[in-house]
Amino acid sequence: MADHVSALIPDAHRVFAQIPTAPDDPILGLTETFRKDPRPQKVNLGVGVYQDGAGVVPLLGAVRKAEEILISKGLSRSYLPIEGHATFREKLQRLVFGETSSALAEGRIVSAQTIAGSGALRLGADLLVFATPGATIYISDPSWANHQAIFERAGLKVASYPYFDPATKALHLSAMLETLNHIPEGSIVLLHACCHNPSGVDPSREQWQQIADVLAARNAIAFIDMAYQGFGDGPHEDAYAVRLFAERGIPLFVSTSCSKNFGLYAERVGLLSFVANNAHTAHCMLTQWKRLIRGNYSSPPFHGASIVAEILSNRELEAEWISQLAEMRTRIKEQRGLLAAALGGKGLDIDFSFMVEHRGMFTYTGFTEQVVDRLRDEHAIYMVRSGRMCVAALNNSNIDYVAESIAASLRATMR
Ligand code: LMR
């Protein structure tokens, strides 16, 4: 049998023999390496996943209770509509755009359930390739490592605008606005609603107004990625930019993820929304999304979206979720303060206060690749090579070790 098969294989397989090995993903590939690392002191500050004080990715109480309710209902598992779970879409739309959104009331917003935030970005990109052929999407420099890959794979041209100032470790607003002021009309601009990934640097409300002014003047299309709603100041506060742009009448795509704020990473729950200037265009948009979804994965999965729908439909569960979200947010802020203080006491002559200023799960440390590599090789501490650190994985048991290791690595590379 084996001889017979090998005699038939060579010609048909020749084409695949040309395929080279693809590089590991800069973020998820790091987790694969981390898992294989046998050193007991290892700490993964790479991937953006929240861990509690015990170093565990928590199953939120509200999620567990919602699952119990869903099991007791014994719901059938027939296909969801192509555009997804109706209650999930309706409730999440309200969480994103607010109860008093005039665009919502006027039927100008459409939403489809997606395979998490990444799937929402890809669906939006597929539609943009179809609707605005040849257009360029401008992403922040730096941006989430996967933004460029998702948009390019869909067929969009990708360019960047300045965002982070390495000298101040804060927003470089003037450079950002200067570039956006000169983009061709009709360009697409990707923005992060809150808790910018990877920098942790967000515009203030006043700065968001200035950004909206520029996009309006350039007749640009806004695409706001909101993967961390609730990790900055709270779910409503963090939606400020989304609601502002919707109010200003800028054509707006919004990708939302429930991975982080509901702790539903593996369930892949997300939503893509579009704010049109009339209900008819909004409706047409949804029909196009349905066509794209059907030709891709046909229809979305049930479980994760039904959990979110259950939580957001039940006042008690919703209140519990809001308070658990606040707990996560507060714990991250505490860890930021503790790390900055611990590093500040190491006599390094470096101001680490930026770690406290940054928001959400990440801080852009400015550490060189040499420092990051040293942390991994000598101390089993994993960070993205860009210098992005996930502070949401720090806890009272690992923070001293992390601070000590960072100080040692910085000293060694300064020599
Ligand atoms: C991250 O940035 O670490 C997360 O969004 C996880 C991912 O998919 O990259």
# chains A, B, ... in the order shown; residues from 1 in each chain; ligands from 1

call {"tool": "closest_atom_pairs", "arguments": {"of": "segment 128-156 of chain A", "to": "segment 278-301 of chain A", "cutoff": "12 Å", "atoms": "only C-alpha atoms", "output": "CSV"}}
result
residue,atom,partner,partner_atom,distance
A:Leu128,CA,A:Met285,CA,10.7
A:Val129,CA,A:Leu292,CA,11.7
A:Phe130,CA,A:Gln288,CA,9.6
A:Ala131,CA,A:Met285,CA,9.9
A:Ala154,CA,A:Leu292,CA,11.9

call {"tool": "write_last_selection", "arguments": {"atoms": "N, CA and C atoms", "output": "PDB file, in the first residue's frame"}}
result
ATOM      1  N   LEU A 128     -14.899  47.537   1.488  1.00  0.00           N
ATOM      2  CA  LEU A 128     -14.229  48.747   0.994  1.00  0.00           C
ATOM      3  C   LEU A 128     -13.518  48.491  -0.336  1.00  0.00           C
ATOM      4  N   VAL A 129     -12.964  47.306  -0.499  1.00  0.00           N
ATOM      5  CA  VAL A 129     -12.305  46.967  -1.772  1.00  0.00           C
ATOM      6  C   VAL A 129     -13.344  47.009  -2.889  1.00  0.00           C
ATOM      7  N   PHE A 130     -14.551  46.541  -2.579  1.00  0.00           N
ATOM      8  CA  PHE A 130     -15.636  46.497  -3.559  1.00  0.00           C
ATOM      9  C   PHE A 130     -16.200  47.912  -3.816  1.00  0.00           C
ATOM     10  N   ALA A 131     -16.356  48.701  -2.743  1.00  0.00           N
ATOM     11  CA  ALA A 131     -17.022  50.004  -2.872  1.00  0.00           C
ATOM     12  C   ALA A 131     -16.078  51.125  -3.307  1.00  0.00           C
ATOM     13  N   ALA A 154      -6.991  41.670   2.107  1.00  0.00           N
ATOM     14  CA  ALA A 154      -8.300  41.940   1.492  1.00  0.00           C
ATOM     15  C   ALA A 154      -8.122  42.675   0.155  1.00  0.00           C
TER      16      ALA A 154
END

call {"tool": "closest_atom_pairs", "arguments": {"of": "segment 263-316 of chain A", "to": "segment 106-115 of chain A", "cutoff": "6 Å", "atoms": "only C-alpha atoms", "output": "tab-separated table"}}
result
residue	atom	partner	partner_atom	distance
A:Arg268	CA	A:Ile115	CA	5.1
A:Val269	CA	A:Ile115	CA	5.7
A:Gly270	CA	A:Thr114	CA	4.8
A:Leu271	CA	A:Gln113	CA	4.5
A:Leu272	CA	A:Ala112	CA	5.4
A:Ser273	CA	A:Ser111	CA	4.1
A:Phe274	CA	A:Val110	CA	5.5
A:Val275	CA	A:Ile109	CA	4.6
A:Ala276	CA	A:Arg108	CA	5.2
A:Asn278	CA	A:Arg108	CA	5.3
A:Ala279	CA	A:Arg108	CA	4.5
A:Ala282	CA	A:Arg108	CA	5.6

call {"tool": "residues_around", "arguments": {"residues": "Gly366 of chain A", "least_positions_apart": "4", "cutoff": "12 Å", "atoms": "only C-alpha atoms", "output": "NGL selection string"}}
result
:A and (164-170 or 198-199 or 350-352 or 354-355 or 370-372 or 383-389 or 410)

call {"tool": "write_last_selection", "arguments": {"atoms": "N, CA and C atoms", "output": "compact mmCIF listing (two decimals), in the first residue's frame"}}
result
# COMPACT_ATOMS: atom_id res chain seq x y z
N PHE A 164 2.58 57.98 17.48
CA PHE A 164 3.28 57.90 18.76
C PHE A 164 4.61 58.64 18.67
N ASP A 165 4.87 59.47 19.66
CA ASP A 165 6.14 60.19 19.70
C ASP A 165 7.08 59.45 20.67
N PRO A 166 8.12 58.80 20.14
CA PRO A 166 9.00 58.01 21.02
C PRO A 166 9.69 58.87 22.07
N ALA A 167 9.89 60.16 21.77
CA ALA A 167 10.60 61.02 22.73
C ALA A 167 9.75 61.28 23.97
N THR A 168 8.46 61.55 23.75
CA THR A 168 7.59 61.88 24.90
C THR A 168 6.75 60.67 25.33
N LYS A 169 6.75 59.62 24.51
CA LYS A 169 5.91 58.42 24.73
C LYS A 169 4.43 58.81 24.85
N ALA A 170 4.07 59.85 24.07
CA ALA A 170 2.69 60.34 24.06
C ALA A 170 2.26 60.54 22.61
N PRO A 198 -0.50 49.23 19.68
CA PRO A 198 0.24 48.78 20.86
C PRO A 198 0.64 49.87 21.85
N SER A 199 0.35 51.15 21.62
CA SER A 199 1.04 52.17 22.42
C SER A 199 0.42 52.46 23.78
N ILE A 350 15.81 56.68 34.40
CA ILE A 350 14.80 56.68 33.33
C ILE A 350 13.47 57.02 34.00
N ASP A 351 12.70 57.88 33.34
CA ASP A 351 11.38 58.25 33.87
C ASP A 351 10.35 57.22 33.35
N PHE A 352 9.81 56.44 34.27
CA PHE A 352 8.86 55.40 33.87
C PHE A 352 7.40 55.83 34.06
N PHE A 354 5.45 57.24 32.17
CA PHE A 354 4.59 57.02 31.00
C PHE A 354 3.75 55.75 31.16
N MET A 355 4.27 54.79 31.92
CA MET A 355 3.53 53.53 32.10
C MET A 355 2.19 53.76 32.79
N GLN A 370 17.05 44.40 21.48
CA GLN A 370 18.12 43.78 22.28
C GLN A 370 17.64 43.53 23.71
N VAL A 371 16.95 44.53 24.27
CA VAL A 371 16.45 44.40 25.64
C VAL A 371 15.36 43.33 25.68
N VAL A 372 14.45 43.37 24.69
CA VAL A 372 13.34 42.40 24.66
C VAL A 372 13.90 40.98 24.53
N MET A 383 7.90 39.56 25.62
CA MET A 383 7.23 40.79 25.16
C MET A 383 7.30 40.82 23.64
N VAL A 384 6.40 41.56 23.00
CA VAL A 384 6.48 41.72 21.54
C VAL A 384 7.76 42.51 21.23
N ARG A 385 8.42 42.14 20.13
CA ARG A 385 9.75 42.74 19.86
C ARG A 385 9.70 44.24 19.60
N SER A 386 8.52 44.77 19.31
CA SER A 386 8.39 46.22 19.14
C SER A 386 8.58 46.95 20.46
N GLY A 387 8.58 46.22 21.57
CA GLY A 387 8.68 46.85 22.89
C GLY A 387 7.33 46.98 23.57
N ARG A 388 6.29 46.40 22.95
CA ARG A 388 4.96 46.44 23.57
C ARG A 388 4.90 45.46 24.73
N MET A 389 4.41 45.96 25.86
CA MET A 389 4.25 45.09 27.02
C MET A 389 2.77 45.01 27.40
N LEU A 410 18.17 46.26 30.99
CA LEU A 410 18.48 47.63 30.56
C LEU A 410 19.93 47.95 30.89

call {"tool": "residues_near_ligand", "arguments": {"ligand": "ligand 1", "cutoff": "10 Å", "atoms": "only C-alpha atoms and all ligand atoms", "output": "ChimeraX atom specification"}}
result
/A:25-31,45-49,116-118,143-147,196-198,227-228,257,259-260,265,361-362,384,388-390

call {"tool": "write_last_selection", "arguments": {"atoms": "N, CA and C atoms", "output": "mmCIF file, in the first residue's frame"}}
result
data_model
loop_
_atom_site.group_PDB
_atom_site.id
_atom_site.type_symbol
_atom_site.label_atom_id
_atom_site.label_comp_id
_atom_site.auth_asym_id
_atom_site.auth_seq_id
_atom_site.Cartn_x
_atom_site.Cartn_y
_atom_site.Cartn_z
ATOM 1 N N ASP A 25 3.756 34.272 13.683
ATOM 2 C CA ASP A 25 3.057 35.527 13.946
ATOM 3 C C ASP A 25 3.782 36.249 15.087
ATOM 4 N N PRO A 26 3.996 37.588 14.928
ATOM 5 C CA PRO A 26 4.778 38.298 15.965
ATOM 6 C C PRO A 26 4.127 38.280 17.347
ATOM 7 N N ILE A 27 2.817 38.080 17.419
ATOM 8 C CA ILE A 27 2.158 38.071 18.734
ATOM 9 C C ILE A 27 1.756 36.646 19.125
ATOM 10 N N LEU A 28 0.941 35.991 18.302
ATOM 11 C CA LEU A 28 0.459 34.652 18.676
ATOM 12 C C LEU A 28 1.584 33.612 18.603
ATOM 13 N N GLY A 29 2.577 33.864 17.712
ATOM 14 C CA GLY A 29 3.723 32.952 17.623
ATOM 15 C C GLY A 29 4.533 32.972 18.912
ATOM 16 N N LEU A 30 4.537 34.146 19.548
ATOM 17 C CA LEU A 30 5.265 34.309 20.805
ATOM 18 C C LEU A 30 4.645 33.426 21.901
ATOM 19 N N THR A 31 3.321 33.369 21.896
ATOM 20 C CA THR A 31 2.628 32.531 22.882
ATOM 21 C C THR A 31 2.961 31.053 22.655
ATOM 22 N N LEU A 45 4.215 38.549 28.769
ATOM 23 C CA LEU A 45 3.718 39.919 28.646
ATOM 24 C C LEU A 45 3.566 40.270 27.162
ATOM 25 N N GLY A 46 3.367 39.218 26.352
ATOM 26 C CA GLY A 46 3.245 39.412 24.911
ATOM 27 C C GLY A 46 1.803 39.633 24.478
ATOM 28 N N VAL A 47 1.047 38.573 24.421
ATOM 29 C CA VAL A 47 -0.312 38.651 23.874
ATOM 30 C C VAL A 47 -1.235 39.492 24.772
ATOM 31 N N GLY A 48 -2.191 40.174 24.140
ATOM 32 C CA GLY A 48 -3.142 41.007 24.882
ATOM 33 C C GLY A 48 -4.274 40.193 25.467
ATOM 34 N N VAL A 49 -3.998 39.556 26.570
ATOM 35 C CA VAL A 49 -5.019 38.765 27.262
ATOM 36 C C VAL A 49 -4.972 39.169 28.727
ATOM 37 N N ALA A 116 -15.210 37.701 15.699
ATOM 38 C CA ALA A 116 -14.459 38.625 16.571
ATOM 39 C C ALA A 116 -14.100 39.935 15.847
ATOM 40 N N GLY A 117 -13.247 40.729 16.488
ATOM 41 C CA GLY A 117 -12.886 42.023 15.915
ATOM 42 C C GLY A 117 -12.108 41.851 14.608
ATOM 43 N N SER A 118 -11.278 40.813 14.541
ATOM 44 C CA SER A 118 -10.486 40.587 13.321
ATOM 45 C C SER A 118 -11.410 40.320 12.139
ATOM 46 N N SER A 143 0.722 50.431 14.776
ATOM 47 C CA SER A 143 -0.642 49.942 14.955
ATOM 48 C C SER A 143 -0.571 48.471 15.322
ATOM 49 N N TRP A 144 -1.721 47.878 15.622
ATOM 50 C CA TRP A 144 -1.766 46.443 15.914
ATOM 51 C C TRP A 144 -1.116 45.708 14.741
ATOM 52 N N ALA A 145 -0.238 44.774 15.032
ATOM 53 C CA ALA A 145 0.560 44.127 13.985
ATOM 54 C C ALA A 145 -0.311 43.497 12.896
ATOM 55 N N ASN A 146 -1.523 43.104 13.227
ATOM 56 C CA ASN A 146 -2.366 42.394 12.257
ATOM 57 C C ASN A 146 -3.199 43.329 11.375
ATOM 58 N N HIS A 147 -3.257 44.621 11.706
ATOM 59 C CA HIS A 147 -4.066 45.526 10.872
ATOM 60 C C HIS A 147 -3.585 45.498 9.425
ATOM 61 N N HIS A 196 -5.232 52.357 22.776
ATOM 62 C CA HIS A 196 -4.512 52.124 21.515
ATOM 63 C C HIS A 196 -3.544 50.941 21.624
ATOM 64 N N ASN A 197 -3.642 50.058 20.652
ATOM 65 C CA ASN A 197 -2.780 48.885 20.581
ATOM 66 C C ASN A 197 -1.785 49.098 19.448
ATOM 67 N N PRO A 198 -0.499 49.228 19.676
ATOM 68 C CA PRO A 198 0.235 48.782 20.855
ATOM 69 C C PRO A 198 0.640 49.870 21.854
ATOM 70 N N ALA A 227 -11.534 47.436 20.189
ATOM 71 C CA ALA A 227 -11.298 46.080 20.710
ATOM 72 C C ALA A 227 -11.248 46.058 22.232
ATOM 73 N N TYR A 228 -11.237 47.240 22.868
ATOM 74 C CA TYR A 228 -11.001 47.291 24.325
ATOM 75 C C TYR A 228 -12.034 48.143 25.042
ATOM 76 N N SER A 257 -15.048 44.167 19.376
ATOM 77 C CA SER A 257 -14.691 42.816 19.819
ATOM 78 C C SER A 257 -15.231 42.570 21.220
ATOM 79 N N SER A 259 -13.899 39.962 22.825
ATOM 80 C CA SER A 259 -12.856 39.061 23.345
ATOM 81 C C SER A 259 -12.387 39.507 24.725
ATOM 82 N N LYS A 260 -12.044 40.788 24.831
ATOM 83 C CA LYS A 260 -11.396 41.256 26.059
ATOM 84 C C LYS A 260 -12.430 41.632 27.111
ATOM 85 N N TYR A 265 -12.440 35.420 24.546
ATOM 86 C CA TYR A 265 -11.409 35.330 23.501
ATOM 87 C C TYR A 265 -11.662 34.185 22.511
ATOM 88 N N MET A 361 -4.538 47.663 27.987
ATOM 89 C CA MET A 361 -3.709 46.498 28.313
ATOM 90 C C MET A 361 -2.227 46.717 28.045
ATOM 91 N N PHE A 362 -1.907 47.739 27.215
ATOM 92 C CA PHE A 362 -0.519 47.804 26.738
ATOM 93 C C PHE A 362 0.213 49.075 27.148
ATOM 94 N N VAL A 384 6.396 41.561 22.998
ATOM 95 C CA VAL A 384 6.480 41.725 21.544
ATOM 96 C C VAL A 384 7.760 42.505 21.228
ATOM 97 N N ARG A 388 6.291 46.403 22.950
ATOM 98 C CA ARG A 388 4.957 46.444 23.565
ATOM 99 C C ARG A 388 4.897 45.456 24.727
ATOM 100 N N MET A 389 4.406 45.962 25.857
ATOM 101 C CA MET A 389 4.251 45.091 27.024
ATOM 102 C C MET A 389 2.772 45.008 27.403
ATOM 103 N N CYS A 390 2.288 43.788 27.641
ATOM 104 C CA CYS A 390 0.908 43.629 28.120
ATOM 105 C C CYS A 390 0.939 43.702 29.646
#

call {"tool": "residues_around", "arguments": {"residues": "segment 305-317 of chain A", "least_positions_apart": "5", "cutoff": "8 Å", "atoms": "only C-alpha atoms", "output": "NGL selection string"}}
result
:A and (62-63 or 65-67 or 70 or 85 or 87-88 or 91-92 or 113 or 262 or 269)

call {"tool": "write_last_selection", "arguments": {"atoms": "N, CA and C atoms", "output": "PDB file, in the first residue's frame"}}
result
ATOM      1  N   ALA A  62     -20.467  36.766  35.231  1.00  0.00           N
ATOM      2  CA  ALA A  62     -21.655  37.059  34.420  1.00  0.00           C
ATOM      3  C   ALA A  62     -21.727  36.106  33.227  1.00  0.00           C
ATOM      4  N   VAL A  63     -20.573  35.747  32.685  1.00  0.00           N
ATOM      5  CA  VAL A  63     -20.541  34.815  31.543  1.00  0.00           C
ATOM      6  C   VAL A  63     -20.978  33.421  31.996  1.00  0.00           C
ATOM      7  N   LYS A  65     -22.867  32.626  34.525  1.00  0.00           N
ATOM      8  CA  LYS A  65     -24.308  32.619  34.831  1.00  0.00           C
ATOM      9  C   LYS A  65     -25.134  32.637  33.545  1.00  0.00           C
ATOM     10  N   ALA A  66     -24.686  33.427  32.577  1.00  0.00           N
ATOM     11  CA  ALA A  66     -25.421  33.475  31.299  1.00  0.00           C
ATOM     12  C   ALA A  66     -25.415  32.097  30.644  1.00  0.00           C
ATOM     13  N   GLU A  67     -24.274  31.402  30.727  1.00  0.00           N
ATOM     14  CA  GLU A  67     -24.198  30.058  30.132  1.00  0.00           C
ATOM     15  C   GLU A  67     -25.166  29.113  30.829  1.00  0.00           C
ATOM     16  N   LEU A  70     -28.567  29.800  29.602  1.00  0.00           N
ATOM     17  CA  LEU A  70     -28.733  29.303  28.225  1.00  0.00           C
ATOM     18  C   LEU A  70     -28.924  27.788  28.213  1.00  0.00           C
ATOM     19  N   HIS A  85     -26.887  36.824  15.267  1.00  0.00           N
ATOM     20  CA  HIS A  85     -27.864  36.726  16.361  1.00  0.00           C
ATOM     21  C   HIS A  85     -28.561  38.086  16.532  1.00  0.00           C
ATOM     22  N   THR A  87     -30.673  39.500  18.788  1.00  0.00           N
ATOM     23  CA  THR A  87     -30.597  40.224  20.071  1.00  0.00           C
ATOM     24  C   THR A  87     -29.170  40.706  20.325  1.00  0.00           C
ATOM     25  N   PHE A  88     -28.220  39.857  20.015  1.00  0.00           N
ATOM     26  CA  PHE A  88     -26.805  40.253  20.184  1.00  0.00           C
ATOM     27  C   PHE A  88     -26.520  41.524  19.382  1.00  0.00           C
ATOM     28  N   LYS A  91     -28.392  44.592  20.976  1.00  0.00           N
ATOM     29  CA  LYS A  91     -27.863  45.036  22.290  1.00  0.00           C
ATOM     30  C   LYS A  91     -26.449  45.609  22.149  1.00  0.00           C
ATOM     31  N   LEU A  92     -25.633  44.974  21.322  1.00  0.00           N
ATOM     32  CA  LEU A  92     -24.261  45.460  21.204  1.00  0.00           C
ATOM     33  C   LEU A  92     -24.217  46.808  20.474  1.00  0.00           C
ATOM     34  N   GLN A 113     -22.945  40.404  12.945  1.00  0.00           N
ATOM     35  CA  GLN A 113     -22.088  39.634  13.847  1.00  0.00           C
ATOM     36  C   GLN A 113     -20.905  39.105  13.043  1.00  0.00           C
ATOM     37  N   PHE A 262     -15.566  40.907  27.560  1.00  0.00           N
ATOM     38  CA  PHE A 262     -16.385  39.817  28.106  1.00  0.00           C
ATOM     39  C   PHE A 262     -15.522  38.588  28.424  1.00  0.00           C
ATOM     40  N   VAL A 269     -16.242  36.495  19.219  1.00  0.00           N
ATOM     41  CA  VAL A 269     -17.478  37.267  19.138  1.00  0.00           C
ATOM     42  C   VAL A 269     -17.170  38.713  18.766  1.00  0.00           C
TER      43      VAL A 269
END

call {"tool": "select_by_dssp", "arguments": {"residues": "segment 265-390 of chain A", "states": "alpha helix (DSSP H)", "output": "number ranges by chain"}}
result
A: 279-294, 303-312, 315-344, 354-357, 369-379

call {"tool": "select_by_dssp", "arguments": {"residues": "segment 178-371 of chain A", "states": "strand (DSSP E)", "output": "list in words"}}
result
Ile188, Val189, Leu190, Leu191, His192, Ile221, Ala222, Phe223, Ile224, Asp225, Met226, Leu252, Phe253, Val254, Ser255, Thr256, Ser257, Val269, Gly270, Leu271, Leu272, Ser273, Phe274, Val275, Phe362, Thr363 and Tyr364 of chain A

call {"tool": "residues_around", "arguments": {"residues": "Val43 of chain A", "least_positions_apart": "4", "cutoff": "7 Å", "atoms": "only C-alpha atoms", "output": "tab-separated table (two decimals) with N, CA, C and O atoms, in the first residue's frame"}}
result
chain	number	residue	atom	x	y	z
A	380	ALA	N	13.19	34.64	30.79
A	380	ALA	CA	11.92	33.95	30.44
A	380	ALA	C	10.73	34.91	30.51
A	380	ALA	O	9.61	34.51	30.83
A	381	ILE	N	11.00	36.20	30.20
A	381	ILE	CA	9.91	37.18	30.15
A	381	ILE	C	9.68	37.53	28.69
A	381	ILE	O	10.60	37.98	27.99
A	382	TYR	N	8.45	37.32	28.24
A	382	TYR	CA	8.13	37.48	26.82
A	382	TYR	C	7.40	38.79	26.58
A	382	TYR	O	6.40	39.08	27.23
